[in-house]
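See below for upload34.cif, which holds mmCIF, C-alpha atoms (C1' of nucleotides).
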data_my_file
#
loop_
_atom_site.label_atom_id
_atom_site.label_comp_id
_atom_site.auth_asym_id
_atom_site.auth_seq_id
_atom_site.Cartn_x
_atom_site.Cartn_y
_atom_site.Cartn_z
CA MET A 1 5.95 12.72 1.77
CA SER A 2 2.92 11.91 3.83
CA ASP A 3 1.00 12.68 0.66
CA ALA A 4 3.18 10.22 -1.18
CA LEU A 5 2.58 7.60 1.45
CA SER A 6 -1.17 7.88 1.27
CA GLY A 7 -1.03 8.02 -2.50
CA LEU A 8 1.00 4.84 -2.63
CA GLY A 9 -1.31 3.19 -0.14
CA ALA A 10 -4.32 4.19 -2.18
CA LEU A 11 -2.90 2.62 -5.33
CA ALA A 12 -1.68 -0.49 -3.55
CA HIS A 13 -4.90 -2.42 -3.95
CA GLU A 14 -6.10 -4.33 -6.96
CA THR A 15 -9.55 -2.79 -7.14
CA ARG A 16 -8.31 0.71 -6.49
CA LEU A 17 -5.51 0.51 -9.01
CA ALA A 18 -7.96 -0.78 -11.60
CA ALA A 19 -10.44 1.97 -10.80
CA PHE A 20 -7.72 4.56 -10.94
CA ARG A 21 -6.58 3.35 -14.34
CA LEU A 22 -10.13 3.55 -15.63
CA LEU A 23 -10.37 7.10 -14.38
CA VAL A 24 -7.07 8.18 -15.88
CA ARG A 25 -8.24 6.83 -19.21
CA ALA A 26 -11.67 8.34 -18.85
CA GLY A 27 -10.17 11.81 -18.76
CA PRO A 28 -11.47 14.94 -17.05
CA ASN A 29 -15.10 13.94 -17.59
CA GLY A 30 -14.62 11.03 -15.26
CA LEU A 31 -16.92 8.11 -14.62
CA ALA A 32 -19.90 7.52 -12.35
CA ALA A 33 -19.29 5.35 -9.29
CA GLY A 34 -21.77 2.79 -10.55
CA THR A 35 -20.08 2.58 -13.91
CA ILE A 36 -16.73 1.91 -12.33
CA ALA A 37 -18.27 -0.67 -10.03
CA SER A 38 -19.95 -2.58 -12.81
CA ARG A 39 -16.92 -2.41 -15.08
CA LEU A 40 -14.82 -3.88 -12.31
CA GLY A 41 -17.48 -6.29 -11.17
CA VAL A 42 -17.58 -5.19 -7.57
CA GLY A 43 -20.50 -4.22 -5.34
CA ALA A 44 -21.55 -0.64 -4.72
CA THR A 45 -20.52 -0.69 -1.08
CA VAL A 46 -17.04 -1.94 -1.77
CA MET A 47 -16.60 0.43 -4.67
CA SER A 48 -17.66 3.33 -2.53
CA PHE A 49 -15.14 2.34 0.10
CA HIS A 50 -12.29 2.21 -2.39
CA LEU A 51 -13.27 5.40 -4.16
CA ALA A 52 -13.27 7.09 -0.79
CA GLU A 53 -9.71 5.90 -0.23
CA LEU A 54 -8.59 7.25 -3.57
CA THR A 55 -10.35 10.51 -2.85
CA GLN A 56 -8.83 10.85 0.59
CA ALA A 57 -5.41 10.31 -0.92
CA GLY A 58 -6.18 13.13 -3.30
CA LEU A 59 -5.73 11.06 -6.42
CA VAL A 60 -9.30 11.52 -7.56
CA ASP A 61 -12.03 14.12 -7.15
CA SER A 62 -15.77 13.72 -7.20
CA ARG A 63 -18.78 15.79 -8.10
CA ARG A 64 -22.44 15.07 -8.10
CA ASP A 65 -24.34 14.92 -11.35
CA GLY A 66 -27.98 14.14 -10.77
CA ARG A 67 -28.20 10.87 -8.95
CA SER A 68 -24.72 9.88 -9.91
CA ILE A 69 -21.44 10.80 -8.35
CA ILE A 70 -18.77 11.29 -10.94
CA TYR A 71 -15.19 10.54 -10.09
CA ALA A 72 -12.27 11.88 -12.08
CA ALA A 73 -8.52 11.57 -11.78
CA ASN A 74 -6.77 14.53 -10.23
CA TYR A 75 -3.94 14.74 -12.71
CA LYS A 76 -2.15 17.42 -10.78
CA ARG A 77 -1.94 15.31 -7.63
CA VAL A 78 -1.03 12.20 -9.54
CA GLY A 79 1.73 14.10 -11.26
CA ALA A 80 3.00 15.34 -7.94
CA LEU A 81 3.18 11.77 -6.66
CA LEU A 82 5.09 10.65 -9.72
CA ASP A 83 7.44 13.59 -9.44
CA TYR A 84 8.10 12.72 -5.83
CA LEU A 85 8.87 9.14 -6.69
CA ILE A 86 11.13 10.08 -9.58
CA GLU A 87 13.01 12.85 -7.86
CA ASP A 88 12.99 12.12 -4.16
CA CYS A 89 13.11 8.35 -4.40
CA CYS A 90 15.06 7.74 -7.56
CA GLN A 91 17.00 10.92 -7.94
CA GLY A 92 15.83 10.92 -11.52
CA THR A 93 17.95 7.90 -12.29
CA CYS A 94 15.31 5.24 -12.64
CA GLY A 95 13.20 4.17 -15.55
CA SER A 96 13.28 4.92 -19.22
CA ARG A 97 10.40 7.36 -19.44
CA ALA A 98 11.22 8.74 -16.06
CA ASN A 99 14.88 8.97 -16.75
CA THR A 100 16.70 12.19 -17.36
CA THR A 101 20.43 12.46 -17.83
CA LYS A 102 21.65 13.66 -14.50
CA GLU A 103 24.80 13.06 -12.55
CA VAL A 104 24.28 11.44 -9.19
CA SER A 105 26.83 10.75 -6.52
CA HIS A 106 26.23 7.85 -4.18
CA GLU A 107 27.69 7.09 -0.85
CA THR A 108 30.67 4.78 -1.04
CA ASP A 109 30.48 2.67 2.08
CA ALA A 110 27.87 -0.04 2.49
CA ARG A 111 28.03 0.12 6.30
CA MET B 1 0.62 -5.19 -13.13
CA SER B 2 0.84 -7.61 -10.27
CA ASP B 3 4.45 -6.49 -10.00
CA ALA B 4 3.26 -2.92 -9.83
CA LEU B 5 0.76 -3.82 -7.14
CA SER B 6 3.34 -5.45 -4.92
CA GLY B 7 5.78 -2.64 -5.59
CA LEU B 8 3.23 -0.05 -4.58
CA GLY B 9 2.31 -2.07 -1.52
CA ALA B 10 5.95 -2.35 -0.56
CA LEU B 11 6.45 1.40 -0.72
CA ALA B 12 3.19 2.18 1.03
CA HIS B 13 4.62 2.07 4.52
CA GLU B 14 6.50 4.78 6.35
CA THR B 15 9.44 2.64 7.43
CA ARG B 16 9.76 0.90 4.10
CA LEU B 17 9.57 4.09 2.09
CA ALA B 18 12.24 5.62 4.32
CA ALA B 19 14.45 2.54 3.99
CA PHE B 20 13.97 2.51 0.28
CA ARG B 21 14.96 6.15 0.00
CA LEU B 22 18.11 5.49 2.00
CA LEU B 23 18.96 2.64 -0.34
CA VAL B 24 18.36 4.63 -3.49
CA ARG B 25 20.68 7.29 -2.15
CA ALA B 26 23.24 4.77 -0.98
CA GLY B 27 23.74 3.59 -4.54
CA PRO B 28 24.77 0.16 -5.78
CA ASN B 29 26.95 -0.49 -2.74
CA GLY B 30 23.86 -0.55 -0.59
CA LEU B 31 23.61 -0.53 3.18
CA ALA B 32 23.71 -3.21 5.86
CA ALA B 33 20.39 -4.12 7.47
CA GLY B 34 21.66 -2.95 10.84
CA THR B 35 22.73 0.40 9.45
CA ILE B 36 19.32 0.99 7.96
CA ALA B 37 17.65 -0.06 11.18
CA SER B 38 19.71 2.26 13.35
CA ARG B 39 19.38 5.17 10.95
CA LEU B 40 15.63 4.76 11.02
CA GLY B 41 15.49 4.00 14.71
CA VAL B 42 13.65 0.71 14.43
CA GLY B 43 14.38 -2.69 15.91
CA ALA B 44 16.19 -5.43 14.01
CA THR B 45 13.14 -7.67 13.82
CA VAL B 46 10.91 -5.02 12.40
CA MET B 47 13.56 -3.87 9.96
CA SER B 48 14.07 -7.40 8.77
CA PHE B 49 10.36 -7.77 8.20
CA HIS B 50 10.18 -4.62 6.11
CA LEU B 51 13.33 -5.34 4.15
CA ALA B 52 11.85 -8.72 3.32
CA GLU B 53 8.77 -7.00 1.95
CA LEU B 54 10.85 -4.71 -0.23
CA THR B 55 12.87 -7.67 -1.41
CA GLN B 56 9.82 -9.75 -2.20
CA ALA B 57 8.44 -6.89 -4.24
CA GLY B 58 11.70 -6.86 -6.15
CA LEU B 59 12.56 -3.29 -5.30
CA VAL B 60 15.74 -4.23 -3.44
CA ASP B 61 18.26 -7.03 -3.54
CA SER B 62 20.42 -8.41 -0.79
CA ARG B 63 23.78 -10.10 -0.49
CA ARG B 64 25.74 -11.33 2.46
CA ASP B 65 28.99 -9.65 3.38
CA GLY B 66 30.52 -11.28 6.42
CA ARG B 67 28.06 -11.07 9.24
CA SER B 68 26.12 -8.30 7.57
CA ILE B 69 23.46 -8.52 4.96
CA ILE B 70 23.71 -5.69 2.50
CA TYR B 71 20.60 -4.38 0.82
CA ALA B 72 20.69 -2.34 -2.35
CA ALA B 73 18.03 -0.78 -4.54
CA ASN B 74 17.21 -2.68 -7.68
CA TYR B 75 17.18 0.28 -10.02
CA LYS B 76 15.96 -1.75 -12.94
CA ARG B 77 12.85 -2.92 -11.10
CA VAL B 78 12.20 0.46 -9.62
CA GLY B 79 12.45 1.98 -13.06
CA ALA B 80 10.00 -0.57 -14.39
CA LEU B 81 7.51 0.36 -11.68
CA LEU B 82 7.86 4.02 -12.50
CA ASP B 83 7.47 3.35 -16.19
CA TYR B 84 4.34 1.37 -15.50
CA LEU B 85 2.87 4.18 -13.45
CA ILE B 86 3.77 6.82 -15.98
CA GLU B 87 2.67 4.96 -19.08
CA ASP B 88 -0.05 2.58 -18.03
CA CYS B 89 -1.60 4.68 -15.34
CA CYS B 90 -1.02 8.21 -16.54
CA GLN B 91 -0.59 7.73 -20.24
CA GLY B 92 2.48 9.90 -19.95
CA THR B 93 0.36 12.92 -19.19
CA CYS B 94 1.10 13.38 -15.51
CA GLY B 95 3.84 15.17 -13.73
CA SER B 96 6.51 17.56 -14.82
CA ARG B 97 9.50 15.24 -14.79
CA ALA B 98 7.36 12.35 -15.89
CA ASN B 99 5.65 14.34 -18.59
CA THR B 100 6.34 13.95 -22.26
CA THR B 101 4.45 15.79 -24.95
CA LYS B 102 2.01 13.23 -26.20
CA GLU B 103 -1.49 13.44 -27.57
CA VAL B 104 -4.05 11.55 -25.59
CA SER B 105 -7.69 10.97 -26.41
CA HIS B 106 -10.11 10.45 -23.57
CA GLU B 107 -13.54 8.97 -23.52
CA THR B 108 -16.24 11.59 -23.78
CA ASP B 109 -19.09 10.29 -21.68
CA ALA B 110 -18.93 10.20 -17.90
CA ARG B 111 -21.47 7.37 -17.68
"C1'" DT C 1 -46.50 12.60 -2.85
"C1'" DG C 2 -44.71 8.11 -3.53
"C1'" DT C 3 -41.43 5.14 -5.76
"C1'" DA C 4 -37.24 3.85 -8.05
"C1'" DT C 5 -32.30 4.78 -8.70
"C1'" DA C 6 -27.50 5.93 -7.29
"C1'" DT C 7 -24.53 6.08 -3.81
"C1'" DT C 8 -22.87 6.52 0.84
"C1'" DT C 9 -22.64 5.42 5.78
"C1'" DC C 10 -23.13 2.21 9.52
"C1'" DT C 11 -22.18 -2.10 11.87
"C1'" DA C 12 -20.31 -6.42 12.18
"C1'" DT C 13 -16.97 -9.61 10.72
"C1'" DA C 14 -13.15 -11.35 8.21
"C1'" DA C 15 -8.60 -11.01 6.48
"C1'" DA C 16 -4.28 -9.05 5.91
"C1'" DT C 17 -0.32 -6.41 8.08
"C1'" DA C 18 2.62 -4.92 11.60
"C1'" DT C 19 5.07 -5.31 16.05
"C1'" DC C 20 7.85 -7.47 19.55
"C1'" DG C 21 10.45 -10.73 22.21
"C1'" DA C 22 12.47 -15.23 22.03
"C1'" DA C 23 14.81 -18.58 19.63
"C1'" DG C 24 17.51 -19.97 15.64
"C1'" DT C 25 21.22 -19.48 11.87
"C1'" DA C 26 25.45 -17.82 9.91
"C1'" DT C 27 29.85 -15.63 10.35
"C1'" DG C 28 34.02 -13.95 12.49
"C1'" DA C 29 37.28 -13.81 16.00
"C1'" DA C 30 39.47 -15.14 20.49
"C1'" DT D 1 35.51 -24.75 20.33
"C1'" DT D 2 33.42 -21.02 22.50
"C1'" DC D 3 31.74 -16.35 22.49
"C1'" DA D 4 29.95 -12.22 20.35
"C1'" DT D 5 27.80 -10.02 16.45
"C1'" DA D 6 24.42 -9.45 12.66
"C1'" DC D 7 20.39 -10.97 11.05
"C1'" DT D 8 16.32 -13.76 10.24
"C1'" DT D 9 12.47 -16.72 11.52
"C1'" DC D 10 8.90 -18.05 14.69
"C1'" DG D 11 4.83 -17.37 17.48
"C1'" DA D 12 1.73 -14.54 19.80
"C1'" DT D 13 -0.76 -10.30 19.77
"C1'" DA D 14 -2.24 -5.91 18.20
"C1'" DT D 15 -3.64 -2.98 14.60
"C1'" DT D 16 -5.23 -1.77 10.25
"C1'" DT D 17 -7.87 -2.80 6.03
"C1'" DA D 18 -11.35 -4.91 3.47
"C1'" DT D 19 -15.94 -7.05 2.70
"C1'" DA D 20 -20.91 -7.37 2.86
"C1'" DG D 21 -25.63 -6.45 4.03
"C1'" DA D 22 -28.84 -3.15 6.01
"C1'" DA D 23 -30.16 1.38 6.65
"C1'" DA D 24 -29.77 6.23 5.39
"C1'" DT D 25 -29.38 10.20 2.06
"C1'" DA D 26 -30.02 12.55 -2.25
"C1'" DT D 27 -32.05 13.00 -6.66
"C1'" DA D 28 -35.30 12.13 -10.35
"C1'" DC D 29 -39.51 11.18 -12.17
"C1'" DA D 30 -44.44 9.62 -12.51
#
File written out as structure tokens:
Amino acid sequence: MSDALSGLGALAHETRLAAFRLLVRAGPNGLAAGTIASRLGVGATVMSFHLAELTQAGLVDSRRDGRSIIYAANYKRVGALLDYLIEDCCQGTCGSRANTTKEVSHETDAR
Amino acid sequence: MSDALSGLGALAHETRLAAFRLLVRAGPNGLAAGTIASRLGVGATVMSFHLAELTQAGLVDSRRDGRSIIYAANYKRVGALLDYLIEDCCQGTCGSRANTTKEVSHETDAR
DNA sequence: TGTATATTTCTATAAATATCGAAGTATGAA
DNA sequence: TTCATACTTCGATATTTATAGAAATATACA
């Protein structure tokens, strides 16, 4: 759950969410830090900071390729976060894509 | 996507995530603010602050019942957030529960 | 080797969030 | 009415995050 917390925190920022979406779409090949920065229109320093946050949360990985550092989504970790949200937070009852037919019993008293 | 951002931000805090999980489990009847606070061991002021954040993000609703204010998960909004994450951020490719068999084409160049 | 490129790390500062006690509001009950 | 309960809002302070430029590191290439 601490993983979930840091994952949520990592995605809870405009620039990071945008970068993350680029990376998910880019696929396993990933994108260079500079490419992400210029596509999002942010400076290298700020991009580096945010990519570090995403990395620390485990949502993306990085590797060096020449002068560039290539970031790529860590699909396994992202999936784990989604699974946590769907199962531990929603008991599988929320969402259309996320939804599975499953019986859930709730508590009855609001106090 | 701004909804998603505020939803993620709302969940990205230990106390709020814990409160949210209680509420999801409590079902439509919800739980009184004081109940949540005492179950989580936090003060009324702090709880109120965090419940307000969750409310503002649309993840929970509240209603008054006598002296209590009852909070309940807004399953519809939560589901929408999950759907956004699964479809817009993962293209339906991440997670086991979240996963659906779907062909996805990625970009080929990392630069 | 020297220079340019790509990116990170450092340092300072700014901005957003969180915490806590005190005061305020709404409700119920004596 | 008055008192107690359940919460929220306010105001001050503390803490965490984010931004930006300068300096540092790593690689490539002439």
request  = Identify, on the basis of all atoms listed in the file, every residue whose closest approach to Leu51 of chain A does not exceed 9 Å; exclude the query and any residue fewer than 2 positions from it along the same chain; express the result as a list of chain:residue names.
outcome  = A:Arg16, A:Ala19, A:Phe20, A:Ala33, A:Val46, A:Met47, A:Ser48, A:Phe49, A:Glu53, A:Leu54, A:Thr55, A:Gln56, A:Val60, A:Tyr71
Can you superpose chain A onto chain B by least squares over all C-alpha atoms paired in order and give the moved copy as a PDB file with C-alpha atoms, keeping the file's coordinate frame?
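Output below, filename out-v4.pdb:
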ATOM      1  CA  MET A   1       0.679  -5.200 -13.120  1.00  0.00           C
ATOM      2  CA  SER A   2       0.858  -7.630 -10.266  1.00  0.00           C
ATOM      3  CA  ASP A   3       4.458  -6.492  -9.991  1.00  0.00           C
ATOM      4  CA  ALA A   4       3.249  -2.928  -9.825  1.00  0.00           C
ATOM      5  CA  LEU A   5       0.767  -3.811  -7.142  1.00  0.00           C
ATOM      6  CA  SER A   6       3.331  -5.439  -4.917  1.00  0.00           C
ATOM      7  CA  GLY A   7       5.774  -2.643  -5.600  1.00  0.00           C
ATOM      8  CA  LEU A   8       3.228  -0.050  -4.579  1.00  0.00           C
ATOM      9  CA  GLY A   9       2.316  -2.062  -1.516  1.00  0.00           C
ATOM     10  CA  ALA A  10       5.950  -2.352  -0.552  1.00  0.00           C
ATOM     11  CA  LEU A  11       6.456   1.405  -0.721  1.00  0.00           C
ATOM     12  CA  ALA A  12       3.190   2.191   1.025  1.00  0.00           C
ATOM     13  CA  HIS A  13       4.615   2.081   4.520  1.00  0.00           C
ATOM     14  CA  GLU A  14       6.506   4.776   6.339  1.00  0.00           C
ATOM     15  CA  THR A  15       9.428   2.635   7.429  1.00  0.00           C
ATOM     16  CA  ARG A  16       9.745   0.905   4.095  1.00  0.00           C
ATOM     17  CA  LEU A  17       9.573   4.092   2.084  1.00  0.00           C
ATOM     18  CA  ALA A  18      12.232   5.619   4.315  1.00  0.00           C
ATOM     19  CA  ALA A  19      14.433   2.552   3.996  1.00  0.00           C
ATOM     20  CA  PHE A  20      13.957   2.512   0.268  1.00  0.00           C
ATOM     21  CA  ARG A  21      14.955   6.151  -0.018  1.00  0.00           C
ATOM     22  CA  LEU A  22      18.087   5.477   1.992  1.00  0.00           C
ATOM     23  CA  LEU A  23      18.950   2.635  -0.332  1.00  0.00           C
ATOM     24  CA  VAL A  24      18.353   4.627  -3.491  1.00  0.00           C
ATOM     25  CA  ARG A  25      20.677   7.288  -2.150  1.00  0.00           C
ATOM     26  CA  ALA A  26      23.220   4.769  -0.981  1.00  0.00           C
ATOM     27  CA  GLY A  27      23.729   3.583  -4.535  1.00  0.00           C
ATOM     28  CA  PRO A  28      24.767   0.155  -5.793  1.00  0.00           C
ATOM     29  CA  ASN A  29      26.939  -0.502  -2.740  1.00  0.00           C
ATOM     30  CA  GLY A  30      23.858  -0.547  -0.587  1.00  0.00           C
ATOM     31  CA  LEU A  31      23.604  -0.530   3.176  1.00  0.00           C
ATOM     32  CA  ALA A  32      23.710  -3.207   5.860  1.00  0.00           C
ATOM     33  CA  ALA A  33      20.390  -4.116   7.471  1.00  0.00           C
ATOM     34  CA  GLY A  34      21.648  -2.946  10.839  1.00  0.00           C
ATOM     35  CA  THR A  35      22.710   0.392   9.454  1.00  0.00           C
ATOM     36  CA  ILE A  36      19.309   1.004   7.963  1.00  0.00           C
ATOM     37  CA  ALA A  37      17.643  -0.059  11.189  1.00  0.00           C
ATOM     38  CA  SER A  38      19.681   2.257  13.353  1.00  0.00           C
ATOM     39  CA  ARG A  39      19.363   5.169  10.948  1.00  0.00           C
ATOM     40  CA  LEU A  40      15.611   4.763  11.025  1.00  0.00           C
ATOM     41  CA  GLY A  41      15.473   3.992  14.709  1.00  0.00           C
ATOM     42  CA  VAL A  42      13.652   0.709  14.420  1.00  0.00           C
ATOM     43  CA  GLY A  43      14.420  -2.706  15.899  1.00  0.00           C
ATOM     44  CA  ALA A  44      16.211  -5.444  14.001  1.00  0.00           C
ATOM     45  CA  THR A  45      13.166  -7.683  13.834  1.00  0.00           C
ATOM     46  CA  VAL A  46      10.921  -5.030  12.396  1.00  0.00           C
ATOM     47  CA  MET A  47      13.571  -3.888   9.969  1.00  0.00           C
ATOM     48  CA  SER A  48      14.079  -7.416   8.781  1.00  0.00           C
ATOM     49  CA  PHE A  49      10.366  -7.781   8.207  1.00  0.00           C
ATOM     50  CA  HIS A  50      10.174  -4.630   6.115  1.00  0.00           C
ATOM     51  CA  LEU A  51      13.319  -5.360   4.153  1.00  0.00           C
ATOM     52  CA  ALA A  52      11.841  -8.729   3.331  1.00  0.00           C
ATOM     53  CA  GLU A  53       8.753  -7.003   1.957  1.00  0.00           C
ATOM     54  CA  LEU A  54      10.830  -4.720  -0.213  1.00  0.00           C
ATOM     55  CA  THR A  55      12.857  -7.676  -1.394  1.00  0.00           C
ATOM     56  CA  GLN A  56       9.808  -9.754  -2.199  1.00  0.00           C
ATOM     57  CA  ALA A  57       8.443  -6.877  -4.232  1.00  0.00           C
ATOM     58  CA  GLY A  58      11.698  -6.874  -6.134  1.00  0.00           C
ATOM     59  CA  LEU A  59      12.569  -3.303  -5.291  1.00  0.00           C
ATOM     60  CA  VAL A  60      15.727  -4.231  -3.442  1.00  0.00           C
ATOM     61  CA  ASP A  61      18.274  -7.039  -3.537  1.00  0.00           C
ATOM     62  CA  SER A  62      20.453  -8.414  -0.796  1.00  0.00           C
ATOM     63  CA  ARG A  63      23.802 -10.098  -0.481  1.00  0.00           C
ATOM     64  CA  ARG A  64      25.761 -11.312   2.452  1.00  0.00           C
ATOM     65  CA  ASP A  65      29.003  -9.637   3.389  1.00  0.00           C
ATOM     66  CA  GLY A  66      30.543 -11.244   6.428  1.00  0.00           C
ATOM     67  CA  ARG A  67      28.075 -11.028   9.242  1.00  0.00           C
ATOM     68  CA  SER A  68      26.119  -8.307   7.576  1.00  0.00           C
ATOM     69  CA  ILE A  69      23.461  -8.520   4.944  1.00  0.00           C
ATOM     70  CA  ILE A  70      23.714  -5.688   2.495  1.00  0.00           C
ATOM     71  CA  TYR A  71      20.613  -4.392   0.819  1.00  0.00           C
ATOM     72  CA  ALA A  72      20.685  -2.332  -2.349  1.00  0.00           C
ATOM     73  CA  ALA A  73      18.030  -0.778  -4.536  1.00  0.00           C
ATOM     74  CA  ASN A  74      17.208  -2.683  -7.685  1.00  0.00           C
ATOM     75  CA  TYR A  75      17.169   0.278 -10.016  1.00  0.00           C
ATOM     76  CA  LYS A  76      15.952  -1.750 -12.934  1.00  0.00           C
ATOM     77  CA  ARG A  77      12.847  -2.930 -11.094  1.00  0.00           C
ATOM     78  CA  VAL A  78      12.191   0.469  -9.622  1.00  0.00           C
ATOM     79  CA  GLY A  79      12.427   1.974 -13.066  1.00  0.00           C
ATOM     80  CA  ALA A  80      10.000  -0.580 -14.392  1.00  0.00           C
ATOM     81  CA  LEU A  81       7.509   0.362 -11.687  1.00  0.00           C
ATOM     82  CA  LEU A  82       7.845   4.036 -12.500  1.00  0.00           C
ATOM     83  CA  ASP A  83       7.475   3.345 -16.192  1.00  0.00           C
ATOM     84  CA  TYR A  84       4.325   1.386 -15.510  1.00  0.00           C
ATOM     85  CA  LEU A  85       2.865   4.182 -13.460  1.00  0.00           C
ATOM     86  CA  ILE A  86       3.763   6.831 -16.014  1.00  0.00           C
ATOM     87  CA  GLU A  87       2.667   4.952 -19.085  1.00  0.00           C
ATOM     88  CA  ASP A  88      -0.060   2.560 -18.051  1.00  0.00           C
ATOM     89  CA  CYS A  89      -1.605   4.711 -15.354  1.00  0.00           C
ATOM     90  CA  CYS A  90      -1.007   8.216 -16.585  1.00  0.00           C
ATOM     91  CA  GLN A  91      -0.588   7.717 -20.272  1.00  0.00           C
ATOM     92  CA  GLY A  92       2.483   9.877 -19.968  1.00  0.00           C
ATOM     93  CA  THR A  93       0.369  12.904 -19.208  1.00  0.00           C
ATOM     94  CA  CYS A  94       1.086  13.378 -15.544  1.00  0.00           C
ATOM     95  CA  GLY A  95       3.838  15.178 -13.741  1.00  0.00           C
ATOM     96  CA  SER A  96       6.517  17.563 -14.826  1.00  0.00           C
ATOM     97  CA  ARG A  97       9.500  15.240 -14.784  1.00  0.00           C
ATOM     98  CA  ALA A  98       7.374  12.376 -15.912  1.00  0.00           C
ATOM     99  CA  ASN A  99       5.656  14.353 -18.570  1.00  0.00           C
ATOM    100  CA  THR A 100       6.317  13.953 -22.238  1.00  0.00           C
ATOM    101  CA  THR A 101       4.429  15.777 -24.943  1.00  0.00           C
ATOM    102  CA  LYS A 102       2.010  13.214 -26.205  1.00  0.00           C
ATOM    103  CA  GLU A 103      -1.480  13.428 -27.570  1.00  0.00           C
ATOM    104  CA  VAL A 104      -4.058  11.528 -25.589  1.00  0.00           C
ATOM    105  CA  SER A 105      -7.686  10.993 -26.401  1.00  0.00           C
ATOM    106  CA  HIS A 106     -10.099  10.468 -23.547  1.00  0.00           C
ATOM    107  CA  GLU A 107     -13.514   9.007 -23.507  1.00  0.00           C
ATOM    108  CA  THR A 108     -16.235  11.612 -23.764  1.00  0.00           C
ATOM    109  CA  ASP A 109     -19.072  10.282 -21.666  1.00  0.00           C
ATOM    110  CA  ALA A 110     -18.893  10.229 -17.886  1.00  0.00           C
ATOM    111  CA  ARG A 111     -21.419   7.380 -17.617  1.00  0.00           C
TER     112      ARG A 111
END
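Within 8 Å of chain A, and counting all atoms listed in the file, chain D contributes DT19, DA20, DA26, DT27 and DA28 of chain D.
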task = Report as a list of chain:residue names the full result of the PyMOL selection byres ((chain C and resi 16) around 10) when it is applied to this structure.
result = C:DA14, C:DA15, C:DT17, C:DA18, D:DT16, D:DT17, D:DA18
inquiry  = I'd like the interatomic distance between atom CA of Cys94 of chain B and atom CA of Ala73 of chain A, to a tenth of an Å.
reply    = 10.5 Å
Emit as lines of an AutoDock Vina configuration file the padded axis-aligned box for all listed atoms of segment 1-18 of chain D, 3 Å per side, with centre and edge lengths in Å to one decimal.
center_x = 12.1
center_y = -13.3
center_z = 13.0
size_x = 52.9
size_y = 29.0
size_z = 25.0
inquiry  = Just to confirm, what's the straight-line distance from atom CA of Glu87 of chain B to atom CA of Leu11 of chain A in Å (one decimal)?
reply    = 15.0 Å
request  = Could you give me, as a list in words, the residues within 10 Å of DC10 of chain D, counting all atoms listed in the file and dropping anything in the same chain fewer than 4 positions from it?
outcome  = DA22, DA23 and DG24 of chain C
